[in-house]
file work_10.csv (CSV, C-alpha atoms)
chain,number,residue,atom,x,y,z
L,1,MET,CA,-89.5,-0.3,-90.0
L,2,ILE,CA,-90.7,-0.4,-93.6
L,3,SER,CA,-94.4,0.3,-93.3
L,4,GLU,CA,-95.6,-1.5,-96.5
L,5,VAL,CA,-93.7,-4.6,-95.6
L,6,ARG,CA,-94.9,-4.5,-92.1
L,7,GLN,CA,-98.5,-4.2,-93.1
L,8,HIS,CA,-98.2,-7.1,-95.5
L,9,TYR,CA,-96.5,-9.2,-92.8
L,10,ASN,CA,-99.1,-8.5,-90.2
L,11,ALA,CA,-102.0,-9.1,-92.5
L,12,SER,CA,-100.6,-12.5,-93.3
L,13,PHE,CA,-99.7,-13.4,-89.7
L,14,SER,CA,-101.7,-15.9,-87.7
L,15,GLU,CA,-101.2,-17.6,-84.3
L,16,LYS,CA,-101.4,-20.9,-86.2
L,17,LYS,CA,-98.4,-20.0,-88.3
L,18,TYR,CA,-96.5,-18.9,-85.3
L,19,SER,CA,-97.3,-22.1,-83.4
L,20,ASP,CA,-96.2,-24.2,-86.5
L,21,PHE,CA,-93.0,-22.0,-86.7
L,22,LEU,CA,-92.1,-22.8,-83.0
L,23,ALA,CA,-92.9,-26.4,-83.4
L,24,ASP,CA,-90.6,-26.6,-86.5
L,25,LEU,CA,-87.8,-24.9,-84.6
L,26,ASN,CA,-88.0,-27.3,-81.7
L,27,ARG,CA,-88.4,-30.4,-83.9
L,28,SER,CA,-85.5,-29.7,-86.2
L,29,PHE,CA,-82.9,-30.6,-83.7
L,30,ASP,CA,-85.1,-32.5,-81.3
L,31,TYR,CA,-84.5,-29.8,-78.7
L,32,LYS,CA,-86.9,-27.4,-77.1
L,33,ILE,CA,-85.5,-23.9,-77.3
L,34,THR,CA,-85.3,-22.4,-73.8
L,35,PHE,CA,-85.6,-18.7,-74.8
L,36,ARG,CA,-88.5,-16.9,-76.4
L,37,VAL,CA,-88.4,-16.5,-80.1
L,38,ALA,CA,-90.4,-13.5,-81.3
L,39,GLU,CA,-93.4,-13.6,-83.6
L,40,SER,CA,-91.7,-11.4,-86.2
L,41,PRO,CA,-88.4,-10.5,-87.8
L,42,VAL,CA,-87.4,-6.9,-88.2
L,43,PHE,CA,-87.4,-5.4,-91.7
L,44,VAL,CA,-84.7,-2.7,-92.0
L,45,ASP,CA,-84.6,-0.1,-94.8
L,46,LYS,CA,-81.5,1.0,-96.8
L,47,THR,CA,-81.2,4.3,-94.9
L,48,PHE,CA,-81.0,2.7,-91.4
L,49,LYS,CA,-78.7,0.0,-92.8
L,50,ARG,CA,-76.4,2.7,-93.9
L,51,LYS,CA,-76.4,4.3,-90.5
L,52,LEU,CA,-75.6,0.9,-88.8
L,53,ARG,CA,-72.6,0.5,-91.1
L,54,GLU,CA,-71.5,4.1,-90.5
L,55,ALA,CA,-71.8,3.6,-86.7
L,56,SER,CA,-69.8,0.4,-86.9
L,57,ASP,CA,-67.1,2.0,-89.0
L,58,HIS,CA,-66.6,4.7,-86.2
L,59,ILE,CA,-66.2,1.9,-83.6
L,60,ILE,CA,-63.9,-0.2,-85.8
L,61,ASP,CA,-61.7,2.8,-86.6
L,62,PHE,CA,-60.9,2.8,-82.9
L,63,LEU,CA,-60.4,-1.0,-82.6
L,64,VAL,CA,-57.8,-1.1,-85.3
L,65,ARG,CA,-55.6,1.6,-83.7
L,66,ASP,CA,-52.0,0.6,-83.1
L,67,ASP,CA,-52.3,1.5,-79.5
L,68,PHE,CA,-55.5,-0.4,-78.8
L,69,LYS,CA,-54.0,-3.2,-76.8
L,70,SER,CA,-52.0,-0.8,-74.6
L,71,LEU,CA,-55.2,1.3,-74.0
L,72,THR,CA,-57.2,-1.8,-72.9
L,73,GLN,CA,-54.5,-3.7,-71.0
L,74,LYS,CA,-56.3,-2.8,-67.7
L,75,ALA,CA,-59.5,-4.3,-69.0
L,76,ILE,CA,-58.3,-7.8,-68.2
L,77,PRO,CA,-58.3,-8.8,-64.6
L,78,GLN,CA,-54.8,-10.0,-63.8
L,79,GLN,CA,-55.9,-13.3,-62.4
L,80,LEU,CA,-58.0,-14.0,-65.6
L,81,PHE,CA,-55.3,-13.2,-68.2
L,82,VAL,CA,-55.0,-16.1,-70.8
L,83,PRO,CA,-51.6,-16.6,-72.5
L,84,ASN,CA,-51.0,-16.7,-76.3
L,85,GLU,CA,-53.3,-13.9,-77.1
L,86,THR,CA,-54.2,-13.4,-80.8
L,87,HIS,CA,-53.4,-10.2,-82.7
L,88,HIS,CA,-57.1,-9.2,-82.6
L,89,SER,CA,-60.5,-10.7,-81.8
L,90,LEU,CA,-61.9,-13.3,-84.2
L,91,PHE,CA,-65.4,-12.1,-83.4
L,92,LEU,CA,-67.1,-8.8,-82.9
L,93,ALA,CA,-70.7,-8.1,-81.8
L,94,LEU,CA,-72.1,-4.5,-81.7
L,95,ASP,CA,-75.5,-4.0,-80.1
L,96,TYR,CA,-77.5,-1.0,-81.2
L,97,ALA,CA,-80.7,0.4,-79.8
L,98,VAL,CA,-83.1,1.8,-82.3
L,99,VAL,CA,-83.9,5.4,-81.2
L,100,LYS,CA,-85.0,8.8,-82.5
L,101,ASP,CA,-82.5,11.6,-82.9
L,102,ALA,CA,-83.2,15.3,-82.2
L,103,HIS,CA,-84.7,15.7,-85.6
L,104,GLY,CA,-87.1,12.8,-85.2
L,105,ALA,CA,-85.2,10.4,-87.6
L,106,LEU,CA,-84.5,6.8,-86.5
L,107,THR,CA,-80.8,6.2,-85.6
L,108,PRO,CA,-78.7,3.5,-83.9
L,109,GLN,CA,-77.1,4.0,-80.5
L,110,LEU,CA,-74.5,1.6,-79.2
L,111,ILE,CA,-75.5,-0.2,-76.1
L,112,GLU,CA,-72.9,-2.9,-75.7
L,113,MET,CA,-69.9,-4.3,-77.6
L,114,GLN,CA,-68.3,-7.7,-77.3
L,115,GLY,CA,-65.1,-9.4,-78.6
L,116,PHE,CA,-66.9,-12.7,-78.1
L,117,PRO,CA,-68.9,-15.0,-80.3
L,118,SER,CA,-72.7,-14.9,-80.5
L,119,LEU,CA,-75.4,-17.1,-82.0
L,120,PHE,CA,-73.7,-17.5,-85.4
L,121,GLY,CA,-75.4,-20.9,-86.0
L,122,PHE,CA,-78.8,-20.2,-84.6
L,123,GLN,CA,-79.3,-16.9,-86.5
L,124,ASP,CA,-78.8,-18.5,-89.8
L,125,PHE,CA,-81.2,-21.3,-88.9
L,126,VAL,CA,-84.0,-19.1,-87.4
L,127,ALA,CA,-83.8,-16.7,-90.4
L,128,SER,CA,-84.4,-19.5,-92.8
L,129,LYS,CA,-87.4,-20.7,-90.7
L,130,TYR,CA,-88.9,-17.2,-90.6
L,131,LYS,CA,-88.7,-17.2,-94.4
L,132,GLU,CA,-90.2,-20.6,-94.6
L,133,HIS,CA,-93.2,-19.9,-92.4
L,134,PHE,CA,-93.9,-16.2,-92.9
L,135,TYR,CA,-93.8,-13.4,-95.5
L,136,CYS,CA,-90.5,-11.9,-96.5
L,137,PRO,CA,-90.0,-9.6,-99.5
L,138,GLU,CA,-87.9,-10.8,-102.4
L,139,GLY,CA,-84.2,-9.8,-102.1
L,140,PHE,CA,-84.3,-9.1,-98.3
L,141,ASN,CA,-81.5,-10.9,-96.5
L,142,ASN,CA,-80.2,-11.5,-93.0
L,143,HIS,CA,-76.6,-12.1,-94.1
L,144,PHE,CA,-74.3,-9.5,-95.7
L,145,GLY,CA,-72.9,-10.3,-99.1
L,146,LEU,CA,-73.3,-14.0,-98.6
L,147,THR,CA,-75.8,-16.6,-99.6
L,148,ASN,CA,-76.9,-19.0,-96.8
L,149,GLU,CA,-74.6,-21.7,-98.2
L,150,GLN,CA,-71.7,-19.3,-98.4
L,151,TYR,CA,-72.3,-18.1,-94.9
L,152,ARG,CA,-72.2,-21.6,-93.5
L,153,ASN,CA,-69.0,-22.4,-95.4
L,154,GLU,CA,-67.5,-19.2,-94.0
L,155,LEU,CA,-68.5,-20.1,-90.5
L,156,LYS,CA,-67.0,-23.6,-90.9
L,157,ASN,CA,-63.7,-22.2,-92.3
L,158,VAL,CA,-63.4,-19.6,-89.5
L,159,LEU,CA,-64.0,-22.1,-86.7
L,160,LEU,CA,-61.9,-25.0,-88.1
L,161,ASN,CA,-59.0,-22.9,-89.6
L,162,GLY,CA,-57.9,-26.0,-91.6
L,163,HIS,CA,-58.1,-28.5,-88.8
L,164,SER,CA,-60.0,-31.7,-88.7
L,165,PRO,CA,-63.4,-31.2,-86.9
L,166,GLU,CA,-62.5,-33.9,-84.4
L,167,ASN,CA,-59.5,-31.8,-83.2
L,168,VAL,CA,-61.6,-28.7,-82.7
L,169,ILE,CA,-64.0,-28.4,-79.8
L,170,LEU,CA,-66.7,-25.9,-78.7
L,171,LEU,CA,-65.8,-25.3,-75.1
L,172,GLU,CA,-68.4,-24.3,-72.5
L,173,ILE,CA,-69.6,-25.1,-69.0
L,174,ASP,CA,-72.2,-27.8,-69.3
L,175,PRO,CA,-73.0,-26.8,-72.9
L,176,LEU,CA,-76.3,-28.6,-73.3
L,177,LYS,CA,-77.6,-27.0,-70.1
L,178,GLN,CA,-77.0,-23.5,-71.4
L,179,ASN,CA,-79.7,-21.3,-72.9
L,180,THR,CA,-77.6,-21.2,-76.0
L,181,ALA,CA,-77.5,-25.0,-76.4
L,182,ILE,CA,-79.5,-24.8,-79.6
L,183,ASP,CA,-76.7,-22.7,-81.2
L,184,PHE,CA,-74.2,-25.3,-80.2
L,185,LEU,CA,-76.2,-28.1,-81.8
L,186,ILE,CA,-76.6,-26.2,-85.0
L,187,THR,CA,-72.9,-25.3,-85.0
L,188,GLU,CA,-72.0,-28.9,-84.6
L,189,LYS,CA,-74.2,-29.8,-87.6
L,190,ILE,CA,-72.6,-27.1,-89.8
L,191,THR,CA,-68.9,-27.6,-88.7
L,192,GLY,CA,-68.7,-31.1,-87.1
L,193,ILE,CA,-67.3,-29.4,-83.9
L,194,THR,CA,-68.3,-31.2,-80.7
L,195,PRO,CA,-69.6,-29.2,-77.7
L,196,VAL,CA,-67.4,-30.2,-74.7
L,197,HIS,CA,-67.9,-29.4,-71.0
L,198,ILE,CA,-64.8,-27.7,-69.6
L,199,GLY,CA,-64.7,-30.2,-66.8
L,200,ASP,CA,-64.2,-33.1,-69.3
L,201,VAL,CA,-61.1,-31.6,-70.9
L,202,ILE,CA,-57.9,-33.5,-69.9
L,203,ARG,CA,-54.6,-31.6,-69.6
L,204,GLU,CA,-51.3,-33.5,-70.0
L,205,GLY,CA,-48.5,-31.0,-69.8
L,206,LYS,CA,-49.3,-28.5,-72.5
L,207,ASN,CA,-51.6,-30.8,-74.5
L,208,LEU,CA,-55.3,-31.0,-74.1
L,209,PHE,CA,-57.6,-34.0,-74.9
L,210,TYR,CA,-61.2,-35.0,-74.7
L,211,HIS,CA,-63.0,-38.3,-75.1
L,212,LYS,CA,-65.5,-39.1,-77.9
L,213,ASN,CA,-67.0,-42.5,-78.7
L,214,GLY,CA,-64.5,-44.1,-76.3
L,215,LYS,CA,-61.5,-42.5,-78.1
L,216,LYS,CA,-59.1,-40.0,-76.6
L,217,ILE,CA,-58.6,-37.1,-79.0
L,218,LEU,CA,-56.0,-34.3,-79.1
L,219,ILE,CA,-57.5,-30.8,-79.1
L,220,ARG,CA,-55.7,-28.5,-81.5
L,221,ARG,CA,-58.2,-25.6,-81.5
L,222,ILE,CA,-60.9,-24.3,-79.1
L,223,TYR,CA,-64.0,-22.4,-80.1
L,224,ASN,CA,-64.4,-20.7,-76.7
L,225,ARG,CA,-67.9,-20.0,-75.4
L,226,VAL,CA,-66.9,-20.0,-71.7
L,227,ILE,CA,-67.9,-16.7,-69.9
L,228,PHE,CA,-65.4,-16.0,-67.1
L,229,ASP,CA,-68.2,-14.4,-65.0
L,230,GLU,CA,-69.9,-17.8,-64.8
L,231,LEU,CA,-66.6,-19.8,-64.6
L,232,VAL,CA,-65.4,-18.0,-61.5
L,233,LYS,CA,-68.7,-18.5,-59.7
L,234,ARG,CA,-68.7,-22.3,-60.4
L,235,THR,CA,-66.6,-23.4,-57.4
L,236,ASP,CA,-68.2,-26.9,-57.8
L,237,LEU,CA,-66.2,-27.7,-61.0
L,238,ASN,CA,-63.3,-30.1,-60.8
L,239,LEU,CA,-61.0,-28.9,-63.6
L,240,SER,CA,-58.0,-30.5,-65.1
L,241,PHE,CA,-57.6,-27.5,-67.4
L,242,ASN,CA,-57.9,-23.9,-66.3
L,243,LEU,CA,-58.3,-21.3,-69.1
L,244,THR,CA,-55.4,-19.2,-67.7
L,245,GLU,CA,-52.8,-22.0,-68.1
L,246,GLU,CA,-50.5,-22.0,-71.1
L,247,VAL,CA,-51.4,-24.9,-73.4
L,248,ASP,CA,-50.6,-25.8,-77.0
L,249,VAL,CA,-53.9,-24.9,-78.7
L,250,GLU,CA,-55.2,-22.3,-81.1
L,251,TRP,CA,-58.1,-20.1,-79.9
L,252,ALA,CA,-61.1,-19.5,-82.1
L,253,GLY,CA,-62.0,-16.4,-80.1
L,254,HIS,CA,-59.2,-15.8,-77.5
L,255,PRO,CA,-60.7,-15.2,-74.1
L,256,ASN,CA,-58.8,-11.9,-73.5
L,257,TRP,CA,-60.9,-10.2,-76.1
L,258,PHE,CA,-64.0,-10.7,-74.0
L,259,PHE,CA,-62.6,-8.0,-71.8
L,260,ARG,CA,-60.7,-5.8,-74.2
L,261,ILE,CA,-63.8,-5.2,-76.4
L,262,SER,CA,-66.5,-4.6,-73.9
L,263,LYS,CA,-68.1,-1.9,-71.8
L,264,PHE,CA,-64.5,-1.0,-70.8
L,265,THR,CA,-63.8,0.3,-74.3
L,266,MET,CA,-66.9,2.4,-74.8
L,267,PRO,CA,-65.9,5.6,-72.9
L,268,MET,CA,-62.8,5.8,-75.1
L,269,ILE,CA,-64.7,6.1,-78.4
L,270,LYS,CA,-66.2,9.4,-79.3
L,271,SER,CA,-69.1,9.1,-81.8
L,272,PRO,CA,-72.6,10.4,-82.3
L,273,TYR,CA,-73.7,6.8,-82.3
L,274,ILE,CA,-72.4,6.2,-78.7
L,275,PRO,CA,-74.3,7.7,-75.7
L,276,GLU,CA,-72.2,9.6,-73.2
L,277,CYS,CA,-70.5,7.1,-70.8
L,278,ARG,CA,-67.8,7.5,-68.2
L,279,PHE,CA,-66.2,5.4,-65.5
L,280,LEU,CA,-67.4,6.3,-62.0
L,281,ASN,CA,-63.9,7.1,-60.8
L,282,GLU,CA,-63.7,9.9,-63.4
L,283,TYR,CA,-66.4,11.8,-61.6
L,284,GLU,CA,-65.6,14.1,-58.6
L,285,THR,CA,-69.2,14.0,-57.4
L,286,ALA,CA,-72.3,12.1,-58.6
L,287,PRO,CA,-74.3,13.8,-61.3
L,288,THR,CA,-77.4,15.5,-59.9
L,289,ASP,CA,-79.6,13.8,-62.6
L,290,LEU,CA,-78.7,10.2,-61.9
L,291,GLU,CA,-82.1,9.2,-63.1
L,292,ASN,CA,-81.0,9.9,-66.6
L,293,TYR,CA,-78.2,7.3,-66.5
L,294,VAL,CA,-77.8,3.5,-66.4
L,295,LEU,CA,-75.2,2.0,-64.0
L,296,LYS,CA,-73.3,-1.0,-65.4
L,297,PRO,CA,-70.6,-3.2,-63.8
L,298,LEU,CA,-67.8,-3.8,-66.3
L,299,PHE,CA,-67.4,-7.5,-65.5
L,300,SER,CA,-70.8,-8.9,-66.1
L,301,PHE,CA,-72.7,-10.5,-69.0
L,302,SER,CA,-76.2,-10.5,-70.4
L,303,GLY,CA,-77.2,-7.5,-68.4
L,304,SER,CA,-76.5,-8.9,-64.9
L,305,GLY,CA,-75.9,-6.3,-62.3
L,306,VAL,CA,-77.2,-3.4,-64.4
L,307,ILE,CA,-79.1,-0.7,-62.5
L,308,PHE,CA,-81.6,1.1,-64.7
L,309,HIS,CA,-83.1,3.5,-62.1
L,310,VAL,CA,-79.9,4.8,-60.5
L,311,THR,CA,-80.1,6.5,-57.1
L,312,LYS,CA,-77.6,8.3,-54.9
L,313,ALA,CA,-77.8,5.3,-52.6
L,314,ASP,CA,-76.6,3.1,-55.5
L,315,TRP,CA,-73.7,5.5,-56.1
L,316,ASP,CA,-72.7,5.6,-52.4
L,317,ALA,CA,-72.8,1.8,-52.1
L,318,ILE,CA,-69.8,1.5,-54.5
L,319,ASN,CA,-66.6,2.2,-52.6
L,320,GLU,CA,-63.9,4.3,-54.2
L,321,GLU,CA,-61.6,1.4,-54.9
L,322,GLU,CA,-64.3,-0.3,-57.0
L,323,ARG,CA,-65.5,2.7,-59.0
L,324,GLY,CA,-63.1,2.1,-61.8
L,325,ASN,CA,-65.1,-1.2,-62.4
L,326,TYR,CA,-68.4,0.6,-63.0
L,327,LEU,CA,-69.7,2.6,-66.0
L,328,LEU,CA,-72.3,5.3,-65.9
L,329,GLN,CA,-74.0,5.5,-69.3
L,330,ARG,CA,-76.5,8.2,-70.3
L,331,LYS,CA,-79.9,6.5,-70.7
L,332,ILE,CA,-81.4,6.4,-74.1
L,333,GLN,CA,-85.0,6.1,-75.1
L,334,TYR,CA,-85.8,3.0,-77.3
L,335,GLU,CA,-88.3,4.0,-79.9
L,336,PRO,CA,-91.2,1.6,-80.4
L,337,VAL,CA,-90.8,1.2,-84.2
L,338,ILE,CA,-92.3,-2.2,-84.9
L,339,GLU,CA,-96.0,-2.3,-85.4
L,340,ALA,CA,-97.2,-5.5,-83.8
L,341,ILE,CA,-100.7,-6.9,-84.1
L,342,GLU,CA,-101.4,-5.0,-80.9
L,343,GLY,CA,-99.3,-2.0,-80.0
L,344,LYS,CA,-95.7,-1.1,-80.9
L,345,VAL,CA,-92.5,-2.9,-80.0
L,346,LYS,CA,-88.9,-1.7,-79.4
L,347,ALA,CA,-85.9,-3.3,-81.1
L,348,GLU,CA,-82.2,-3.8,-80.5
L,349,ILE,CA,-80.0,-4.9,-83.4
L,350,ARG,CA,-76.7,-6.8,-83.0
L,351,LEU,CA,-74.3,-6.8,-85.9
L,352,LEU,CA,-72.0,-9.8,-86.0
L,353,PHE,CA,-68.5,-9.8,-87.6
L,354,PHE,CA,-65.7,-12.2,-88.4
L,355,TRP,CA,-62.2,-10.8,-88.1
L,356,LYS,CA,-59.8,-13.2,-89.6
L,357,GLU,CA,-56.1,-13.1,-88.7
L,358,ASN,CA,-55.0,-11.7,-92.1
L,359,GLN,CA,-57.7,-9.0,-92.3
L,360,LEU,CA,-57.1,-5.4,-91.4
L,361,ARG,CA,-60.7,-4.9,-90.3
L,362,PRO,CA,-63.7,-7.1,-89.3
L,363,THR,CA,-66.2,-8.2,-91.9
L,364,LEU,CA,-69.9,-7.8,-91.2
L,365,VAL,CA,-71.5,-11.2,-91.9
L,366,THR,CA,-74.9,-11.5,-90.1
L,367,ASN,CA,-77.1,-10.1,-87.4
L,368,LEU,CA,-79.4,-10.8,-84.4
L,369,ALA,CA,-82.4,-8.8,-83.2
L,370,ARG,CA,-84.2,-8.6,-79.9
L,371,LEU,CA,-87.7,-7.3,-79.4
L,372,SER,CA,-89.1,-5.7,-76.3
L,373,ARG,CA,-92.2,-4.1,-74.8
L,374,GLY,CA,-90.5,-3.4,-71.5
L,375,GLU,CA,-88.2,-0.4,-70.7
L,376,MET,CA,-85.2,-2.6,-71.3
L,377,ILE,CA,-84.3,-5.5,-73.6
L,378,GLY,CA,-84.3,-8.7,-71.5
L,379,VAL,CA,-86.5,-11.5,-70.2
L,380,LYS,CA,-87.3,-10.0,-66.8
L,381,PHE,CA,-88.7,-6.8,-68.5
L,382,ASN,CA,-90.9,-8.9,-71.0
L,383,LYS,CA,-92.5,-11.6,-68.9
L,384,ASP,CA,-95.9,-12.7,-70.2
L,385,LYS,CA,-95.7,-10.4,-73.2
L,386,THR,CA,-96.1,-11.2,-76.9
L,387,TRP,CA,-94.1,-10.1,-80.0
L,388,VAL,CA,-91.0,-10.0,-77.8
L,389,GLY,CA,-87.8,-12.1,-77.7
L,390,GLY,CA,-85.1,-13.2,-80.0
L,391,SER,CA,-85.4,-12.4,-83.7
L,392,VAL,CA,-83.5,-11.4,-86.8
L,393,CYS,CA,-83.3,-8.5,-89.2
L,394,PHE,CA,-83.9,-8.8,-92.9
L,395,PHE,CA,-82.3,-5.9,-94.7
L,396,GLU,CA,-83.6,-4.1,-97.8
L,397,PRO,CA,-81.3,-4.7,-100.8
L,398,ASP,CA,-79.2,-1.7,-101.9
call {"tool": "encode", "arguments": {"input": "work_10.csv", "output": "structure tokens"}}
result
Amino acid sequence: MISEVRQHYNASFSEKKYSDFLADLNRSFDYKITFRVAESPVFVDKTFKRKLREASDHIIDFLVRDDFKSLTQKAIPQQLFVPNETHHSLFLALDYAVVKDAHGALTPQLIEMQGFPSLFGFQDFVASKYKEHFYCPEGFNNHFGLTNEQYRNELKNVLLNGHSPENVILLEIDPLKQNTAIDFLITEKITGITPVHIGDVIREGKNLFYHKNGKKILIRRIYNRVIFDELVKRTDLNLSFNLTEEVDVEWAGHPNWFFRISKFTMPMIKSPYIPECRFLNEYETAPTDLENYVLKPLFSFSGSGVIFHVTKADWDAINEEERGNYLLQRKIQYEPVIEAIEGKVKAEIRLLFFWKENQLRPTLVTNLARLSRGEMIGVKFNKDKTWVGGSVCFFEPD
């Protein structure tokens, strides 16, 4: 997105460098990364960085409203409500597509929002490896107002909250079988927090325990990475602890915020940085131009169930009782802004925030980027393509 930087990067790029880069990523934690890491980072100029911050401020202004919880109470399925909810989310992720506005200028458009953690460990790691193997201009950074060391200390403090690492766990379903396992391994190195399978947690009354090195250890705090969508489908799991039970633990990322800050929230926020979106039950009849919309189920993750080419048959297939659980969002046109070695590539930028309990607003700390040649961001739209996949933004200094 900065032409001089892009030209320099592409001129110095080679397949050998990329191959060495991937080998280094896989070797560093003796783990082969299961998702595609792109050939290039994204270089973002000051103007677009300012727009990203402005867009995020619009959204956060709504999240900090006194009536936010009452407005989003229906977002949480009753059977999935978790007790002891925190005052606000510890994590915030805002996903923006890079598009062109009516005047031809690049601008961000919100695609998704999550009150849920993302790849906080991996993004720090992969950014450092991009800088190690490829060209990056002096002063460009992936973190906001933090050095790499400061960022890792901040991540450690946020997750531990003063507890001993052995009394804090990263909770997931079969963590080392997840695509995000590399992030869990990096997080463990930074913080000392052990990834624990939810089926291995032992509940005794209101206390939770896990075993490590033959020792039974009390759990005082949970860094939650369990997605309810996956959990409810896993009928094979034999659980001593169900997330919805009241237990004596702190939550590093309370599960209810996964629902409160989500697709459910987007129609409530009015901003030039958010495409038109409404719940299906707010329509009397289907729009005549359904081809200009994307249909999204509220309770899904990583794009599952999204219909990109909506038809009247898709509309009619959803019964009236279920229409409050679906969102119709006006389709936006990703702009191919990244000059690859061959052709241009589209980009989506995820801004990542910490929101400590004593803070009035979330703090922007780092980012994630995803590159695509397909009509949508995602693996199934980018099979057998190059210069696509997970990446990171380096931002021009102010």
call {"tool": "residues_around", "arguments": {"input": "work_10.csv", "residues": "Asn238 in chain L", "least_positions_apart": "5", "cutoff": "12 Å", "atoms": "all atoms listed in the file", "output": "JSON, numbers by chain"}}
result
{"L": [173, 197, 198, 199, 200, 201, 202, 231]}
call {"tool": "residues_around", "arguments": {"input": "work_10.csv", "residues": "range 9-12 of chain L", "least_positions_apart": "4", "cutoff": "9 Å", "atoms": "only C-alpha atoms", "output": "list in words"}}
result
Glu4, Val5, Ser40, Phe134, Tyr135, Cys136, Glu339, Ala340 and Ile341 of chain L
call {"tool": "atom_distance", "arguments": {"input": "work_10.csv", "atom1": "CA of Arg152 in chain L", "atom2": "CA of Ile60 in chain L"}}
result
24.2 Å
call {"tool": "closest_atom_pairs", "arguments": {"input": "work_10.csv", "of": "range 253-354 of chain L", "to": "range 369-375 of chain L", "cutoff": "12 Å", "atoms": "all atoms listed in the file", "output": "JSON lines"}}
result
{"residue": "L:Val294", "atom": "CA", "partner": "L:Glu375", "partner_atom": "CA", "distance": 11.9}
{"residue": "L:Phe308", "atom": "CA", "partner": "L:Glu375", "partner_atom": "CA", "distance": 9.0}
{"residue": "L:His309", "atom": "CA", "partner": "L:Glu375", "partner_atom": "CA", "distance": 10.7}
{"residue": "L:Lys331", "atom": "CA", "partner": "L:Glu375", "partner_atom": "CA", "distance": 10.8}
{"residue": "L:Ile332", "atom": "CA", "partner": "L:Glu375", "partner_atom": "CA", "distance": 10.2}
{"residue": "L:Gln333", "atom": "CA", "partner": "L:Glu375", "partner_atom": "CA", "distance": 8.5}
{"residue": "L:Tyr334", "atom": "CA", "partner": "L:Glu375", "partner_atom": "CA", "distance": 7.8}
{"residue": "L:Glu335", "atom": "CA", "partner": "L:Glu375", "partner_atom": "CA", "distance": 10.2}
{"residue": "L:Pro336", "atom": "CA", "partner": "L:Arg373", "partner_atom": "CA", "distance": 8.1}
{"residue": "L:Val337", "atom": "CA", "partner": "L:Leu371", "partner_atom": "CA", "distance": 10.2}
{"residue": "L:Ile338", "atom": "CA", "partner": "L:Leu371", "partner_atom": "CA", "distance": 8.8}
{"residue": "L:Glu339", "atom": "CA", "partner": "L:Leu371", "partner_atom": "CA", "distance": 11.4}
{"residue": "L:Ala340", "atom": "CA", "partner": "L:Arg373", "partner_atom": "CA", "distance": 10.4}
{"residue": "L:Glu342", "atom": "CA", "partner": "L:Arg373", "partner_atom": "CA", "distance": 11.1}
{"residue": "L:Gly343", "atom": "CA", "partner": "L:Arg373", "partner_atom": "CA", "distance": 9.0}
{"residue": "L:Lys344", "atom": "CA", "partner": "L:Arg373", "partner_atom": "CA", "distance": 7.6}
{"residue": "L:Val345", "atom": "CA", "partner": "L:Arg373", "partner_atom": "CA", "distance": 5.3}
{"residue": "L:Lys346", "atom": "CA", "partner": "L:Ser372", "partner_atom": "CA", "distance": 5.1}
{"residue": "L:Ala347", "atom": "CA", "partner": "L:Leu371", "partner_atom": "CA", "distance": 4.7}
{"residue": "L:Glu348", "atom": "CA", "partner": "L:Arg370", "partner_atom": "CA", "distance": 5.2}
{"residue": "L:Ile349", "atom": "CA", "partner": "L:Ala369", "partner_atom": "CA", "distance": 4.6}
{"residue": "L:Arg350", "atom": "CA", "partner": "L:Ala369", "partner_atom": "CA", "distance": 6.0}
{"residue": "L:Leu351", "atom": "CA", "partner": "L:Ala369", "partner_atom": "CA", "distance": 8.8}
{"residue": "L:Leu352", "atom": "CA", "partner": "L:Ala369", "partner_atom": "CA", "distance": 10.8}
call {"tool": "closest_residue", "arguments": {"input": "work_10.csv", "among": "L:Thr187, L:Asn242, L:Asn213, L:Asn281", "to": "Phe29 in chain L", "atoms": "all atoms listed in the file"}}
result
L:Thr187
call {"tool": "closest_residue", "arguments": {"input": "work_10.csv", "among": "L:Asn157, L:Ser164, L:Ser262, L:Ser118", "to": "Arg225 in chain L", "atoms": "all atoms listed in the file"}}
result
L:Ser118
call {"tool": "closest_residue", "arguments": {"input": "work_10.csv", "among": "L:Val306, L:Phe279, L:Glu132, L:Arg203", "to": "Lys17 in chain L", "atoms": "only C-alpha atoms"}}
result
L:Glu132
